[in-house]
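As structure tokens, the structure follows; a few thoughts come after it.
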Number of protein chains: 2
Amino acid sequence: MSGFKLSICQVAVGRDKKDNIGRAREAVNRAAGEGAKMVVLPEMFNCPFKAELFPEYAESFEDGETTAMLKDAARENNIYLVGGSIPEREGQQVYNSSFIFGPGGDLLGCHRKMHLFDVDLPGGPSVRESSTLGRGEDLTFINTELCRFGVAICFDVRFPELMRALALSGARLIVIPAAFNTTSGPAHWEITMRARAVDNQVYIAAASPARGREPGYVVYGHSTIVEPWGQVLVEAGEGEEIITAEIDLDHVEKVRREIPLLDLRRSDLYDLKWKK
Amino acid sequence: MSGFKLSICQVAVGRDKKDNIGRAREAVNRAAGEGAKMVVLPEMFNCPFKAELFPEYAESFEDGETTAMLKDAARENNIYLVGGSIPEREGQQVYNSSFIFGPGGDLLGCHRKMHLFDVDLPGGPSVRESSTLGRGEDLTFINTELCRFGVAICFDVRFPELMRALALSGARLIVIPAAFNTTSGPAHWEITMRARAVDNQVYIAAASPARGREPGYVVYGHSTIVEPWGQVLVEAGEGEEIITAEIDLDHVEKVRREIPLLDLRRSDLYDLKWKK
């Protein structure tokens, strides 16, 4: 199989956790009903994007209502489901975590956000994710019959090292649940996603929540799917929306033949070393 | 001193080497006359961009007419001059080399293109730089009273590893003589230059020759100066043009305080290792 339909569900996120979960489930069902074989939810789709709320909304994988919904939604729809991200509790620690399920409802992997968002944006929000979250330590690759793909969460995408490591490990697609804001979004969302696709000759699927209405951290929206030559295949607006594009693995190979960027790296001169 | 004017001379390049050198010299004089403290010439500004012509136009640093012009132009105008690039002969080998001169006419450094352009572009040119050129092996940093800057040539910019290494070594500006073509240019020139600026929180000064009229490899033009937040400060069109912008080092520090990307790298997890 050389291609498949991927959908991103740009759902709205509010204060009511059950409502957030229900809205996400409904969107996943709809995307799958329209033919998507892989469906992606946004970063923190069950919780407002406020560091101080993450512990309150957190749940453990084993007995969480959100992870239970994701597992069911994957199985019942017979799809690969990248469950955006949620606040995950493990012991005393909370993580920003993406659970990925296969068509049988089996857990294929979990990415914990590796680079936490600690910034003071000019005329925008100050955020200190590290005040309530622990840092992930691992690269996340998923092997499926559709393709090998990597998962990274939001601020992770700012770091070319991580994106490169995913591509060098064989990813043809990098899925990025992400919630840029209305300062960083207009400035950096599109060029970052497109440049990662171009540099690493992969598809990028970046899934944002819909724009919120509460003051504070206002999410940008504009979920997007970019192909390996850097063209935006589809981009959402600000509201709730499902966007879909075909992931064509033959196209990845074609682009990689035309400009063999990964082969033309000077690996005789430099090396990206991972310490674990 | 926290700022200075940088100019890029987007000169045309033809078959006549003396004419190319004269045109470059005139443009440098004009840019300096208008207040530039650093002037940048394009990639292969004394030679058409055809791999098979590089050996014919090549000269050694010691007795080259182009390097002599660059030295004089820097001294007489009292400027820093990044001499785009030229085919440089050393022994039996030819390199795509950028010579950088200080206001006293002293040679401050030389960057030899590290990543050679060997590609088959769809509906565009096939190029095999490696058929006539040797590969550079070294990162190039220049320390001046204006700022610390790095130099890379064209295809080098495609590799985030090299750009990252320059930023981590303290560069606040990366100068990139480059000749993208009319296939890769519209697709990748702007997003690549902007993303490098955003990721590494540096100024990028990318200097292209003016668009050529000969068939074969048609240069894109569009020389550009991008600030560390990713905004294009100035961009040339296709023809001969001098573009100028202020390089503001305080602005670099401001952007780095707002989103401390270089500090937030997970250097506990990964490391970009250079083998020499």
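Ordering of the structure tokens sets the chain letters (A, B, ...); residue numbers start at 1 within each chain; ligands are numbered from 1 in the order shown.
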Backbone-only DSSP, alpha helix (DSSP H) members of stretch 66-231 of chain A, as a VMD selection string: chain A and resid 66 to 77 160 to 168 184 190 to 200
Proximal residues of chain A relative to chain B (only C-alpha atoms; 6 Å) as number ranges by chain: A: 119-121, 191, 258-259, 269-275
Within 12 Å of A:Ile142 using only C-alpha atoms, minus same-chain residues under 3 positions, as a list in words: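 After dropping sequence-adjacent residues, the list is Tyr80, Leu81, Val82, Phe99, Ile100, Phe101, Gly102, Leu107, Leu108, Gly109, Cys110, His111, Leu139, Glu145, Leu146, Cys147, Arg148, Phe149, Gly150, Val151, Ala152, Leu166, Ser169, Gly170, Ala171, Arg172, Leu173, Ile174 and Val175 of chain A.
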Reference chain A, mobile chain B, all Cα atoms fitted, written as a PDB file with C-alpha atoms, in the first residue's frame:
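Output (selection.pdb):
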ATOM      1  CA  MET B   1       0.043  -0.033   0.016  1.00  0.00           C
ATOM      2  CA  SER B   2       1.560   3.296  -0.999  1.00  0.00           C
ATOM      3  CA  GLY B   3      -0.975   5.823   0.255  1.00  0.00           C
ATOM      4  CA  PHE B   4      -3.706   6.517   2.758  1.00  0.00           C
ATOM      5  CA  LYS B   5      -6.025   9.267   3.911  1.00  0.00           C
ATOM      6  CA  LEU B   6      -5.039  11.179   7.031  1.00  0.00           C
ATOM      7  CA  SER B   7      -7.476  13.483   8.827  1.00  0.00           C
ATOM      8  CA  ILE B   8      -6.884  16.078  11.505  1.00  0.00           C
ATOM      9  CA  CYS B   9      -9.762  16.967  13.821  1.00  0.00           C
ATOM     10  CA  GLN B  10      -9.388  20.609  14.820  1.00  0.00           C
ATOM     11  CA  VAL B  11     -11.772  20.456  17.758  1.00  0.00           C
ATOM     12  CA  ALA B  12     -12.596  23.210  20.241  1.00  0.00           C
ATOM     13  CA  VAL B  13     -11.482  22.775  23.833  1.00  0.00           C
ATOM     14  CA  GLY B  14     -13.329  24.200  26.828  1.00  0.00           C
ATOM     15  CA  ARG B  15     -13.434  23.875  30.601  1.00  0.00           C
ATOM     16  CA  ASP B  16     -15.722  20.802  30.624  1.00  0.00           C
ATOM     17  CA  LYS B  17     -13.509  17.737  30.278  1.00  0.00           C
ATOM     18  CA  LYS B  18     -16.360  15.332  29.439  1.00  0.00           C
ATOM     19  CA  ASP B  19     -17.575  17.691  26.797  1.00  0.00           C
ATOM     20  CA  ASN B  20     -14.056  17.929  25.310  1.00  0.00           C
ATOM     21  CA  ILE B  21     -13.773  14.144  25.200  1.00  0.00           C
ATOM     22  CA  GLY B  22     -17.206  13.766  23.621  1.00  0.00           C
ATOM     23  CA  ARG B  23     -16.504  16.362  20.978  1.00  0.00           C
ATOM     24  CA  ALA B  24     -13.210  14.682  20.092  1.00  0.00           C
ATOM     25  CA  ARG B  25     -14.860  11.283  19.865  1.00  0.00           C
ATOM     26  CA  GLU B  26     -17.559  12.572  17.555  1.00  0.00           C
ATOM     27  CA  ALA B  27     -14.999  14.218  15.273  1.00  0.00           C
ATOM     28  CA  VAL B  28     -12.906  11.046  15.095  1.00  0.00           C
ATOM     29  CA  ASN B  29     -15.977   9.037  14.143  1.00  0.00           C
ATOM     30  CA  ARG B  30     -16.826  11.518  11.433  1.00  0.00           C
ATOM     31  CA  ALA B  31     -13.292  11.552  10.002  1.00  0.00           C
ATOM     32  CA  ALA B  32     -13.177   7.762   9.953  1.00  0.00           C
ATOM     33  CA  GLY B  33     -16.617   7.651   8.356  1.00  0.00           C
ATOM     34  CA  GLU B  34     -15.241   9.793   5.548  1.00  0.00           C
ATOM     35  CA  GLY B  35     -12.448   7.330   4.844  1.00  0.00           C
ATOM     36  CA  ALA B  36      -9.473   8.373   7.001  1.00  0.00           C
ATOM     37  CA  LYS B  37      -7.179   5.493   7.910  1.00  0.00           C
ATOM     38  CA  MET B  38      -5.236   7.688  10.358  1.00  0.00           C
ATOM     39  CA  VAL B  39      -6.854  10.362  12.512  1.00  0.00           C
ATOM     40  CA  VAL B  40      -5.025  12.962  14.575  1.00  0.00           C
ATOM     41  CA  LEU B  41      -6.333  14.999  17.505  1.00  0.00           C
ATOM     42  CA  PRO B  42      -4.788  18.258  18.794  1.00  0.00           C
ATOM     43  CA  GLU B  43      -2.480  18.958  21.710  1.00  0.00           C
ATOM     44  CA  MET B  44      -4.303  19.083  25.050  1.00  0.00           C
ATOM     45  CA  PHE B  45      -7.655  18.316  23.488  1.00  0.00           C
ATOM     46  CA  ASN B  46      -9.282  17.448  26.817  1.00  0.00           C
ATOM     47  CA  CYS B  47      -7.959  20.379  28.859  1.00  0.00           C
ATOM     48  CA  PRO B  48      -7.606  24.152  28.447  1.00  0.00           C
ATOM     49  CA  PHE B  49      -4.025  25.135  27.609  1.00  0.00           C
ATOM     50  CA  LYS B  50      -3.049  26.493  31.019  1.00  0.00           C
ATOM     51  CA  ALA B  51      -0.110  24.957  32.863  1.00  0.00           C
ATOM     52  CA  GLU B  52      -1.833  25.336  36.233  1.00  0.00           C
ATOM     53  CA  LEU B  53      -4.801  23.247  35.047  1.00  0.00           C
ATOM     54  CA  PHE B  54      -2.801  20.277  33.749  1.00  0.00           C
ATOM     55  CA  PRO B  55      -2.561  18.463  37.125  1.00  0.00           C
ATOM     56  CA  GLU B  56      -6.323  18.876  37.714  1.00  0.00           C
ATOM     57  CA  TYR B  57      -7.229  17.352  34.314  1.00  0.00           C
ATOM     58  CA  ALA B  58      -4.514  14.712  34.400  1.00  0.00           C
ATOM     59  CA  GLU B  59      -5.309  11.008  34.331  1.00  0.00           C
ATOM     60  CA  SER B  60      -3.255   7.833  34.259  1.00  0.00           C
ATOM     61  CA  PHE B  61      -3.209   5.662  31.169  1.00  0.00           C
ATOM     62  CA  GLU B  62      -4.630   2.661  33.015  1.00  0.00           C
ATOM     63  CA  ASP B  63      -7.821   4.182  34.361  1.00  0.00           C
ATOM     64  CA  GLY B  64      -8.258   7.384  32.373  1.00  0.00           C
ATOM     65  CA  GLU B  65     -11.548   8.255  30.717  1.00  0.00           C
ATOM     66  CA  THR B  66      -9.750   9.936  27.801  1.00  0.00           C
ATOM     67  CA  THR B  67      -7.435   7.030  27.060  1.00  0.00           C
ATOM     68  CA  ALA B  68     -10.438   4.678  27.281  1.00  0.00           C
ATOM     69  CA  MET B  69     -12.262   6.790  24.689  1.00  0.00           C
ATOM     70  CA  LEU B  70      -9.225   6.811  22.383  1.00  0.00           C
ATOM     71  CA  LYS B  71      -8.834   3.046  22.593  1.00  0.00           C
ATOM     72  CA  ASP B  72     -12.517   2.507  21.798  1.00  0.00           C
ATOM     73  CA  ALA B  73     -12.540   5.071  19.004  1.00  0.00           C
ATOM     74  CA  ALA B  74      -9.552   3.429  17.293  1.00  0.00           C
ATOM     75  CA  ARG B  75     -11.030  -0.068  17.560  1.00  0.00           C
ATOM     76  CA  GLU B  76     -14.590   0.759  16.621  1.00  0.00           C
ATOM     77  CA  ASN B  77     -13.498   2.806  13.613  1.00  0.00           C
ATOM     78  CA  ASN B  78     -10.680   0.440  12.648  1.00  0.00           C
ATOM     79  CA  ILE B  79      -8.174   3.303  12.338  1.00  0.00           C
ATOM     80  CA  TYR B  80      -4.799   4.466  13.565  1.00  0.00           C
ATOM     81  CA  LEU B  81      -5.486   7.195  16.083  1.00  0.00           C
ATOM     82  CA  VAL B  82      -2.894   9.682  17.286  1.00  0.00           C
ATOM     83  CA  GLY B  83      -4.639  10.898  20.390  1.00  0.00           C
ATOM     84  CA  GLY B  84      -3.375  14.486  20.267  1.00  0.00           C
ATOM     85  CA  SER B  85      -2.111  14.996  23.770  1.00  0.00           C
ATOM     86  CA  ILE B  86      -3.514  15.035  27.287  1.00  0.00           C
ATOM     87  CA  PRO B  87      -2.120  15.672  30.748  1.00  0.00           C
ATOM     88  CA  GLU B  88      -0.951  12.212  31.854  1.00  0.00           C
ATOM     89  CA  ARG B  89      -0.326  11.361  35.483  1.00  0.00           C
ATOM     90  CA  GLU B  90       2.286   8.808  36.434  1.00  0.00           C
ATOM     91  CA  GLY B  91       2.971   8.692  40.150  1.00  0.00           C
ATOM     92  CA  GLN B  92       3.652  12.235  41.326  1.00  0.00           C
ATOM     93  CA  GLN B  93       4.544  13.463  37.851  1.00  0.00           C
ATOM     94  CA  VAL B  94       2.360  14.932  35.095  1.00  0.00           C
ATOM     95  CA  TYR B  95       3.385  14.828  31.410  1.00  0.00           C
ATOM     96  CA  ASN B  96       2.044  16.294  28.178  1.00  0.00           C
ATOM     97  CA  SER B  97       1.529  12.933  26.461  1.00  0.00           C
ATOM     98  CA  SER B  98       0.325  11.618  23.141  1.00  0.00           C
ATOM     99  CA  PHE B  99      -1.109   8.098  23.151  1.00  0.00           C
ATOM    100  CA  ILE B 100      -1.201   6.331  19.808  1.00  0.00           C
ATOM    101  CA  PHE B 101      -3.583   3.451  19.144  1.00  0.00           C
ATOM    102  CA  GLY B 102      -3.873   0.907  16.343  1.00  0.00           C
ATOM    103  CA  PRO B 103      -7.020  -0.350  14.593  1.00  0.00           C
ATOM    104  CA  GLY B 104      -7.361  -3.160  17.126  1.00  0.00           C
ATOM    105  CA  GLY B 105      -7.420  -0.658  19.987  1.00  0.00           C
ATOM    106  CA  ASP B 106      -3.892  -1.668  20.975  1.00  0.00           C
ATOM    107  CA  LEU B 107      -1.549   1.000  22.363  1.00  0.00           C
ATOM    108  CA  LEU B 108       1.262   1.459  19.832  1.00  0.00           C
ATOM    109  CA  GLY B 109       3.239   4.103  21.661  1.00  0.00           C
ATOM    110  CA  CYS B 110       3.210   7.178  23.828  1.00  0.00           C
ATOM    111  CA  HIS B 111       5.164  10.377  23.231  1.00  0.00           C
ATOM    112  CA  ARG B 112       5.807  12.608  26.198  1.00  0.00           C
ATOM    113  CA  LYS B 113       6.599  16.190  25.170  1.00  0.00           C
ATOM    114  CA  MET B 114      10.337  16.505  25.342  1.00  0.00           C
ATOM    115  CA  HIS B 115      10.797  20.274  25.062  1.00  0.00           C
ATOM    116  CA  LEU B 116       8.614  22.228  27.477  1.00  0.00           C
ATOM    117  CA  PHE B 117       7.283  25.641  26.570  1.00  0.00           C
ATOM    118  CA  ASP B 118       8.799  28.210  28.960  1.00  0.00           C
ATOM    119  CA  VAL B 119       8.578  31.546  27.201  1.00  0.00           C
ATOM    120  CA  ASP B 120       7.665  35.226  27.521  1.00  0.00           C
ATOM    121  CA  LEU B 121       6.124  36.274  24.247  1.00  0.00           C
ATOM    122  CA  PRO B 122       6.195  39.943  23.274  1.00  0.00           C
ATOM    123  CA  GLY B 123       2.648  41.261  23.653  1.00  0.00           C
ATOM    124  CA  GLY B 124       1.596  37.646  24.152  1.00  0.00           C
ATOM    125  CA  PRO B 125       1.326  35.102  26.916  1.00  0.00           C
ATOM    126  CA  SER B 126       3.962  33.967  29.370  1.00  0.00           C
ATOM    127  CA  VAL B 127       3.916  30.205  29.775  1.00  0.00           C
ATOM    128  CA  ARG B 128       5.827  27.957  32.175  1.00  0.00           C
ATOM    129  CA  GLU B 129       4.943  24.383  31.271  1.00  0.00           C
ATOM    130  CA  SER B 130       7.806  23.189  33.431  1.00  0.00           C
ATOM    131  CA  SER B 131       6.003  24.556  36.509  1.00  0.00           C
ATOM    132  CA  THR B 132       3.603  21.599  36.376  1.00  0.00           C
ATOM    133  CA  LEU B 133       4.987  19.140  33.817  1.00  0.00           C
ATOM    134  CA  GLY B 134       7.816  16.626  33.624  1.00  0.00           C
ATOM    135  CA  ARG B 135       9.904  16.246  30.475  1.00  0.00           C
ATOM    136  CA  GLY B 136       9.739  13.271  28.119  1.00  0.00           C
ATOM    137  CA  GLU B 137      13.029  11.576  27.389  1.00  0.00           C
ATOM    138  CA  ASP B 138      12.327   9.441  24.331  1.00  0.00           C
ATOM    139  CA  LEU B 139      11.963   9.719  20.593  1.00  0.00           C
ATOM    140  CA  THR B 140       8.694   8.199  19.431  1.00  0.00           C
ATOM    141  CA  PHE B 141       8.455   6.123  16.256  1.00  0.00           C
ATOM    142  CA  ILE B 142       5.501   4.024  15.261  1.00  0.00           C
ATOM    143  CA  ASN B 143       5.710   1.228  12.721  1.00  0.00           C
ATOM    144  CA  THR B 144       2.449   0.423  10.992  1.00  0.00           C
ATOM    145  CA  GLU B 145       1.368  -1.232   7.783  1.00  0.00           C
ATOM    146  CA  LEU B 146       0.547   2.264   6.483  1.00  0.00           C
ATOM    147  CA  CYS B 147       4.009   3.733   7.086  1.00  0.00           C
ATOM    148  CA  ARG B 148       6.635   4.425   9.727  1.00  0.00           C
ATOM    149  CA  PHE B 149       5.884   7.710  11.427  1.00  0.00           C
ATOM    150  CA  GLY B 150       7.188   9.838  14.254  1.00  0.00           C
ATOM    151  CA  VAL B 151       5.292  11.833  16.860  1.00  0.00           C
ATOM    152  CA  ALA B 152       6.364  15.102  18.479  1.00  0.00           C
ATOM    153  CA  ILE B 153       4.354  17.640  20.462  1.00  0.00           C
ATOM    154  CA  CYS B 154       4.188  21.370  19.718  1.00  0.00           C
ATOM    155  CA  PHE B 155       7.349  23.043  21.086  1.00  0.00           C
ATOM    156  CA  ASP B 156       9.280  19.879  20.132  1.00  0.00           C
ATOM    157  CA  VAL B 157       8.904  20.981  16.503  1.00  0.00           C
ATOM    158  CA  ARG B 158      11.056  24.054  17.193  1.00  0.00           C
ATOM    159  CA  PHE B 159      14.110  21.825  17.513  1.00  0.00           C
ATOM    160  CA  PRO B 160      15.537  20.618  14.203  1.00  0.00           C
ATOM    161  CA  GLU B 161      17.528  17.983  16.073  1.00  0.00           C
ATOM    162  CA  LEU B 162      14.425  16.051  17.081  1.00  0.00           C
ATOM    163  CA  MET B 163      12.823  16.302  13.638  1.00  0.00           C
ATOM    164  CA  ARG B 164      16.041  15.157  11.986  1.00  0.00           C
ATOM    165  CA  ALA B 165      16.370  12.179  14.311  1.00  0.00           C
ATOM    166  CA  LEU B 166      12.825  11.071  13.427  1.00  0.00           C
ATOM    167  CA  ALA B 167      13.555  11.326   9.692  1.00  0.00           C
ATOM    168  CA  LEU B 168      16.892   9.526   9.983  1.00  0.00           C
ATOM    169  CA  SER B 169      15.175   6.711  11.812  1.00  0.00           C
ATOM    170  CA  GLY B 170      12.980   6.160   8.761  1.00  0.00           C
ATOM    171  CA  ALA B 171       9.866   8.235   9.430  1.00  0.00           C
ATOM    172  CA  ARG B 172       7.991   9.264   6.253  1.00  0.00           C
ATOM    173  CA  LEU B 173       5.448  11.280   8.231  1.00  0.00           C
ATOM    174  CA  ILE B 174       5.783  13.288  11.429  1.00  0.00           C
ATOM    175  CA  VAL B 175       2.593  13.910  13.375  1.00  0.00           C
ATOM    176  CA  ILE B 176       2.613  17.010  15.565  1.00  0.00           C
ATOM    177  CA  PRO B 177      -0.268  17.764  17.930  1.00  0.00           C
ATOM    178  CA  ALA B 178       0.408  21.428  18.696  1.00  0.00           C
ATOM    179  CA  ALA B 179      -1.167  24.541  20.145  1.00  0.00           C
ATOM    180  CA  PHE B 180       0.719  27.599  18.930  1.00  0.00           C
ATOM    181  CA  ASN B 181      -0.813  30.889  20.062  1.00  0.00           C
ATOM    182  CA  THR B 182      -1.909  34.035  18.267  1.00  0.00           C
ATOM    183  CA  THR B 183       1.576  35.568  18.653  1.00  0.00           C
ATOM    184  CA  SER B 184       3.815  32.648  17.645  1.00  0.00           C
ATOM    185  CA  GLY B 185       1.252  31.194  15.239  1.00  0.00           C
ATOM    186  CA  PRO B 186       1.131  33.929  12.590  1.00  0.00           C
ATOM    187  CA  ALA B 187       4.897  34.434  12.882  1.00  0.00           C
ATOM    188  CA  HIS B 188       6.170  30.843  12.887  1.00  0.00           C
ATOM    189  CA  TRP B 189       3.549  28.117  12.418  1.00  0.00           C
ATOM    190  CA  GLU B 190       3.552  27.811   8.653  1.00  0.00           C
ATOM    191  CA  ILE B 191       7.261  28.355   7.998  1.00  0.00           C
ATOM    192  CA  THR B 192       8.253  25.935  10.727  1.00  0.00           C
ATOM    193  CA  MET B 193       5.957  23.154   9.529  1.00  0.00           C
ATOM    194  CA  ARG B 194       6.926  23.685   5.887  1.00  0.00           C
ATOM    195  CA  ALA B 195      10.654  23.883   6.588  1.00  0.00           C
ATOM    196  CA  ARG B 196      10.549  20.666   8.619  1.00  0.00           C
ATOM    197  CA  ALA B 197       8.844  18.929   5.693  1.00  0.00           C
ATOM    198  CA  VAL B 198      11.377  20.299   3.179  1.00  0.00           C
ATOM    199  CA  ASP B 199      14.490  19.624   5.272  1.00  0.00           C
ATOM    200  CA  ASN B 200      13.523  16.091   6.193  1.00  0.00           C
ATOM    201  CA  GLN B 201      11.505  15.197   3.094  1.00  0.00           C
ATOM    202  CA  VAL B 202       8.572  13.924   5.106  1.00  0.00           C
ATOM    203  CA  TYR B 203       4.882  14.691   5.396  1.00  0.00           C
ATOM    204  CA  ILE B 204       4.029  16.884   8.377  1.00  0.00           C
ATOM    205  CA  ALA B 205       0.584  16.673   9.985  1.00  0.00           C
ATOM    206  CA  ALA B 206       0.205  19.450  12.565  1.00  0.00           C
ATOM    207  CA  ALA B 207      -3.002  19.324  14.624  1.00  0.00           C
ATOM    208  CA  SER B 208      -4.134  22.387  16.576  1.00  0.00           C
ATOM    209  CA  PRO B 209      -7.248  22.912  18.689  1.00  0.00           C
ATOM    210  CA  ALA B 210      -9.734  25.424  17.294  1.00  0.00           C
ATOM    211  CA  ARG B 211      -9.203  29.008  18.432  1.00  0.00           C
ATOM    212  CA  GLY B 212     -10.464  29.542  21.981  1.00  0.00           C
ATOM    213  CA  ARG B 213     -12.521  32.424  23.224  1.00  0.00           C
ATOM    214  CA  GLU B 214     -11.130  32.737  26.750  1.00  0.00           C
ATOM    215  CA  PRO B 215      -8.476  35.362  27.441  1.00  0.00           C
ATOM    216  CA  GLY B 216      -4.995  34.183  28.323  1.00  0.00           C
ATOM    217  CA  TYR B 217      -3.504  31.617  25.996  1.00  0.00           C
ATOM    218  CA  VAL B 218      -5.411  31.949  22.724  1.00  0.00           C
ATOM    219  CA  VAL B 219      -4.733  29.027  20.405  1.00  0.00           C
ATOM    220  CA  TYR B 220      -3.895  29.808  16.765  1.00  0.00           C
ATOM    221  CA  GLY B 221      -5.752  27.004  14.946  1.00  0.00           C
ATOM    222  CA  HIS B 222      -4.640  26.526  11.324  1.00  0.00           C
ATOM    223  CA  SER B 223      -4.037  22.767  11.492  1.00  0.00           C
ATOM    224  CA  THR B 224      -2.144  21.792   8.392  1.00  0.00           C
ATOM    225  CA  ILE B 225      -0.830  18.913   6.301  1.00  0.00           C
ATOM    226  CA  VAL B 226       2.363  19.622   4.327  1.00  0.00           C
ATOM    227  CA  GLU B 227       3.954  17.354   1.692  1.00  0.00           C
ATOM    228  CA  PRO B 228       7.717  16.673   1.460  1.00  0.00           C
ATOM    229  CA  TRP B 229       8.370  19.365  -1.181  1.00  0.00           C
ATOM    230  CA  GLY B 230       6.965  21.910   1.288  1.00  0.00           C
ATOM    231  CA  GLN B 231       3.575  22.625  -0.249  1.00  0.00           C
ATOM    232  CA  VAL B 232       0.637  23.019   2.109  1.00  0.00           C
ATOM    233  CA  LEU B 233      -1.900  20.391   1.000  1.00  0.00           C
ATOM    234  CA  VAL B 234      -4.661  21.610   3.269  1.00  0.00           C
ATOM    235  CA  GLU B 235      -4.945  24.130   6.076  1.00  0.00           C
ATOM    236  CA  ALA B 236      -7.778  24.735   8.517  1.00  0.00           C
ATOM    237  CA  GLY B 237      -9.057  28.132   9.542  1.00  0.00           C
ATOM    238  CA  GLU B 238      -9.654  29.113  13.147  1.00  0.00           C
ATOM    239  CA  GLY B 239     -12.845  27.214  13.953  1.00  0.00           C
ATOM    240  CA  GLU B 240     -13.782  23.569  14.383  1.00  0.00           C
ATOM    241  CA  GLU B 241     -12.959  21.674  11.225  1.00  0.00           C
ATOM    242  CA  ILE B 242     -11.804  18.333   9.902  1.00  0.00           C
ATOM    243  CA  ILE B 243      -9.083  18.510   7.256  1.00  0.00           C
ATOM    244  CA  THR B 244      -7.929  15.565   5.156  1.00  0.00           C
ATOM    245  CA  ALA B 245      -5.136  14.793   2.727  1.00  0.00           C
ATOM    246  CA  GLU B 246      -3.650  11.774   1.016  1.00  0.00           C
ATOM    247  CA  ILE B 247      -0.285  10.621   2.356  1.00  0.00           C
ATOM    248  CA  ASP B 248       1.496   9.272  -0.741  1.00  0.00           C
ATOM    249  CA  LEU B 249       4.597   7.285   0.113  1.00  0.00           C
ATOM    250  CA  ASP B 250       5.726   7.079  -3.523  1.00  0.00           C
ATOM    251  CA  HIS B 251       5.823  10.866  -3.526  1.00  0.00           C
ATOM    252  CA  VAL B 252       8.209  10.820  -0.545  1.00  0.00           C
ATOM    253  CA  GLU B 253      10.584   8.569  -2.476  1.00  0.00           C
ATOM    254  CA  LYS B 254      10.294  10.729  -5.596  1.00  0.00           C
ATOM    255  CA  VAL B 255      11.238  13.919  -3.694  1.00  0.00           C
ATOM    256  CA  ARG B 256      14.117  12.078  -2.018  1.00  0.00           C
ATOM    257  CA  ARG B 257      15.453  10.965  -5.404  1.00  0.00           C
ATOM    258  CA  GLU B 258      15.290  14.479  -6.861  1.00  0.00           C
ATOM    259  CA  ILE B 259      17.227  16.179  -4.064  1.00  0.00           C
ATOM    260  CA  PRO B 260      18.776  13.408  -1.956  1.00  0.00           C
ATOM    261  CA  LEU B 261      19.103  15.612   1.122  1.00  0.00           C
ATOM    262  CA  LEU B 262      19.363  12.840   3.661  1.00  0.00           C
ATOM    263  CA  ASP B 263      22.090  11.103   1.631  1.00  0.00           C
ATOM    264  CA  LEU B 264      23.982  14.342   1.003  1.00  0.00           C
ATOM    265  CA  ARG B 265      24.387  15.122   4.703  1.00  0.00           C
ATOM    266  CA  ARG B 266      28.083  15.234   5.572  1.00  0.00           C
ATOM    267  CA  SER B 267      27.870  12.333   7.983  1.00  0.00           C
ATOM    268  CA  ASP B 268      31.646  12.059   7.649  1.00  0.00           C
ATOM    269  CA  LEU B 269      31.863  15.451   9.381  1.00  0.00           C
ATOM    270  CA  TYR B 270      28.968  15.565  11.835  1.00  0.00           C
ATOM    271  CA  ASP B 271      26.649  13.320  13.675  1.00  0.00           C
ATOM    272  CA  LEU B 272      23.561  13.890  15.775  1.00  0.00           C
ATOM    273  CA  LYS B 273      24.295  11.853  18.877  1.00  0.00           C
ATOM    274  CA  TRP B 274      21.518  10.714  21.204  1.00  0.00           C
ATOM    275  CA  LYS B 275      22.706  10.040  24.683  1.00  0.00           C
ATOM    276  CA  LYS B 276      20.221   7.311  25.543  1.00  0.00           C
TER     277      LYS B 276
END
